[in-house]
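Single-structure report; data block below.
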Amino acid sequence: MAATVSSRLVFDTSVYIAILRDGRFAASFRERYRRDVPRTHMCSVVVQELLAGARTARHRRLAAALYEPFERARRIVVPTHRVWKHAGMVLSMLWNRLPAVRSRVARGLVNDALIALTARSIGAAVVTRNERDFRLIRGIRPFDLEIV
């Protein structure tokens with residue numbers, strides 16, 4: 001949807017879940033993923049979300065197949081103390097400005113803010129299927145965003 005100028009990328013959990021669950025999306029995204037994986041980093045928050053959703057040993061193996069290559073290549077990015085502080089400020093601003101999103105702030109927007117701001121901290125664009133939440137975050141703290 002939106003073109004990005006970042007040389008680095010961080011794929012949001014929504015992209016990995018779509019790859020695992022939606023054969024059509026996986027097939028259409030495969031070439032893009034192969035092309036971009038050399039400049040892609042995995043956020044530790046994405047690893048946590050993948051593992052939290054892995055309900056069986058097979059699911060855990062599939063998740064590991066996604067993040068272990070990034071571990072071996074030392075391209076895991078972790079939210080710093082500064083990122084955690086900025087995420088807290090973003091969430092506070094969203095809470096105050098948009099009362100309608102308060103339930104999302106409480107439920108899952110924390111992880112999305114951490115992913116967005118961790119990507120921003122290394123100059124990476126976030127690639128996601130979760131347009132609604134990442135656009136909210138970007139409205140408070142700018143970062144490169146691509147919706148797929």
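Simple scheme: letters A, B, ... for chains in structure tokens order, numbers from 1 for residues in each chain, numbers from 1 for ligands in the order shown.
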All residues 10 Å or closer to Ser7 (chain A), only C-alpha atoms, same chain fewer than 6 positions away omitted, as number ranges by chain: A: 36, 39-40, 123-125
Neighbour list for Ser121 (chain A) as a VMD selection string, cut-off 9 Å, only C-alpha atoms, skip fewer than 5 positions in-chain: chain A and resid 79 to 80 83 116
Limited to N, CA and C atoms, could you put the picked residues into a file as a compact mmCIF listing (two decimals), in the first residue's frame?
# COMPACT_ATOMS: atom_id res chain seq x y z
N PRO A 79 13.59 -4.42 22.06
CA PRO A 79 13.25 -3.08 22.55
C PRO A 79 14.19 -2.65 23.67
N THR A 80 14.76 -1.48 23.52
CA THR A 80 15.63 -0.91 24.55
C THR A 80 14.78 -0.22 25.62
N VAL A 83 13.01 2.62 24.03
CA VAL A 83 11.84 2.19 23.25
C VAL A 83 10.67 1.92 24.19
N ALA A 116 6.75 -1.34 16.49
CA ALA A 116 6.91 -0.13 15.67
C ALA A 116 8.11 0.70 16.11
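Checking A:Val45, A:Ile140, A:Leu145, A:Val15 one by one against Ile76 (chain A), counting only C-alpha atoms, you find the shortest gap at A:Val45.
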All strand (DSSP E or B) positions in chain A, as a PyMOL selection string: chain A and resi 8-11+40-43+76-77+124-128+145-147
Next, dump the selected residues to file, keeping only N, CA and C atoms, as a compact mmCIF listing (two decimals), in the first residue's frame.
# COMPACT_ATOMS: atom_id res chain seq x y z
N ARG A 8 16.08 -1.17 5.87
CA ARG A 8 15.82 -2.31 6.74
C ARG A 8 14.32 -2.50 6.91
N LEU A 9 13.95 -3.74 7.21
CA LEU A 9 12.55 -4.07 7.40
C LEU A 9 12.37 -4.89 8.68
N VAL A 10 11.22 -4.75 9.29
CA VAL A 10 10.77 -5.62 10.38
C VAL A 10 9.36 -6.04 10.01
N PHE A 11 9.15 -7.34 9.83
CA PHE A 11 7.82 -7.86 9.54
C PHE A 11 7.08 -8.03 10.86
N THR A 40 16.00 -7.83 6.32
CA THR A 40 14.95 -7.95 7.32
C THR A 40 15.54 -8.33 8.68
N HIS A 41 14.97 -7.76 9.72
CA HIS A 41 15.32 -8.08 11.10
C HIS A 41 14.07 -8.61 11.78
N MET A 42 14.25 -9.46 12.75
CA MET A 42 13.13 -10.02 13.53
C MET A 42 13.12 -9.33 14.88
N CYS A 43 11.97 -8.80 15.26
CA CYS A 43 11.82 -8.17 16.57
C CYS A 43 11.52 -9.25 17.61
N ILE A 76 18.25 -10.19 15.35
CA ILE A 76 17.13 -10.02 16.26
C ILE A 76 17.27 -8.64 16.88
N VAL A 77 16.19 -7.86 16.85
CA VAL A 77 16.22 -6.55 17.50
C VAL A 77 15.31 -6.60 18.73
N ALA A 124 14.23 1.00 10.48
CA ALA A 124 13.54 0.00 9.66
C ALA A 124 12.07 0.37 9.49
N ALA A 125 11.51 -0.07 8.38
CA ALA A 125 10.07 0.07 8.15
C ALA A 125 9.38 -1.16 8.73
N VAL A 126 8.17 -0.97 9.21
CA VAL A 126 7.33 -2.09 9.65
C VAL A 126 6.48 -2.52 8.46
N VAL A 127 6.48 -3.81 8.19
CA VAL A 127 5.62 -4.39 7.16
C VAL A 127 4.56 -5.18 7.90
N THR A 128 3.29 -4.84 7.66
CA THR A 128 2.20 -5.44 8.44
C THR A 128 0.93 -5.59 7.64
N LEU A 145 6.11 2.72 7.37
CA LEU A 145 5.10 1.68 7.47
C LEU A 145 4.69 1.23 6.07
N GLU A 146 4.59 -0.08 5.91
CA GLU A 146 4.09 -0.63 4.66
C GLU A 146 3.00 -1.65 4.99
N ILE A 147 1.84 -1.48 4.38
CA ILE A 147 0.72 -2.38 4.58
C ILE A 147 0.70 -3.38 3.42
Contacts of region 129-133 of chain A within 8 Å, only C-alpha atoms, excl. fewer than 4 positions in-chain, as a ChimeraX atom specification: /A:12,14-15,109,112,137,147-148
Write out the residues from the selection above, keeping C-alpha atoms, as a compact mmCIF listing (two decimals), in the first residue's frame.
# COMPACT_ATOMS: atom_id res chain seq x y z
CA ASP A 12 5.01 -7.67 12.07
CA SER A 14 0.47 -10.46 11.34
CA VAL A 15 2.60 -11.13 8.24
CA LEU A 109 -1.47 -2.36 21.31
CA ASP A 112 2.45 -3.28 18.34
CA ILE A 137 0.74 4.45 16.57
CA ILE A 147 0.72 -2.38 4.58
CA VAL A 148 0.56 -5.71 2.70
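Within region 33-66 of chain A, residues classed as alpha helix (DSSP H) by DSSP on backbone coordinates are Tyr33, Arg34, Arg35, Asp36, Ser44, Val45, Val46, Val47, Gln48, Glu49, Leu50, Leu51, Ala52, Ala57, Arg58, His59, Arg60, Arg61, Leu62, Ala63, Ala64, Ala65 and Leu66 of chain A.
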Distance query Ser44 (chain A) at most 10 Å, only C-alpha atoms, self and fewer than 6 positions along chain excluded, as a list in words: Leu50, Tyr67, Glu71, Arg75, Ile76, Val77, Val78, Pro79, Leu114, Ile115 and Thr118 of chain A
Residue nearest Arg107 (chain A) - candidates A:Leu91, A:Leu20, A:Leu136, A:Ala57, atoms counted: only C-alpha atoms: A:Leu91
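Across the structure, CA of Asp22 (chain A) and CA of Val47 (chain A) are spaced 19.2 Å apart.
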Polymer residues at most 10 Å from Trp95 (chain A), only C-alpha atoms, same-chain spacing of 5 or more positions, as JSON, numbers by chain: {"A": [89, 90, 100, 101, 102, 103, 104, 105, 106]}
Point-to-point distance from CA of His86 (chain A) to CA of Val46 (chain A), Å rounded to tenths: 18.1 Å
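When only C-alpha atoms are used to measure the gap to Arg141 (chain A), the shortest distance among A:Gly88, A:Arg58, A:Arg34, A:Leu98 belongs to A:Gly88.
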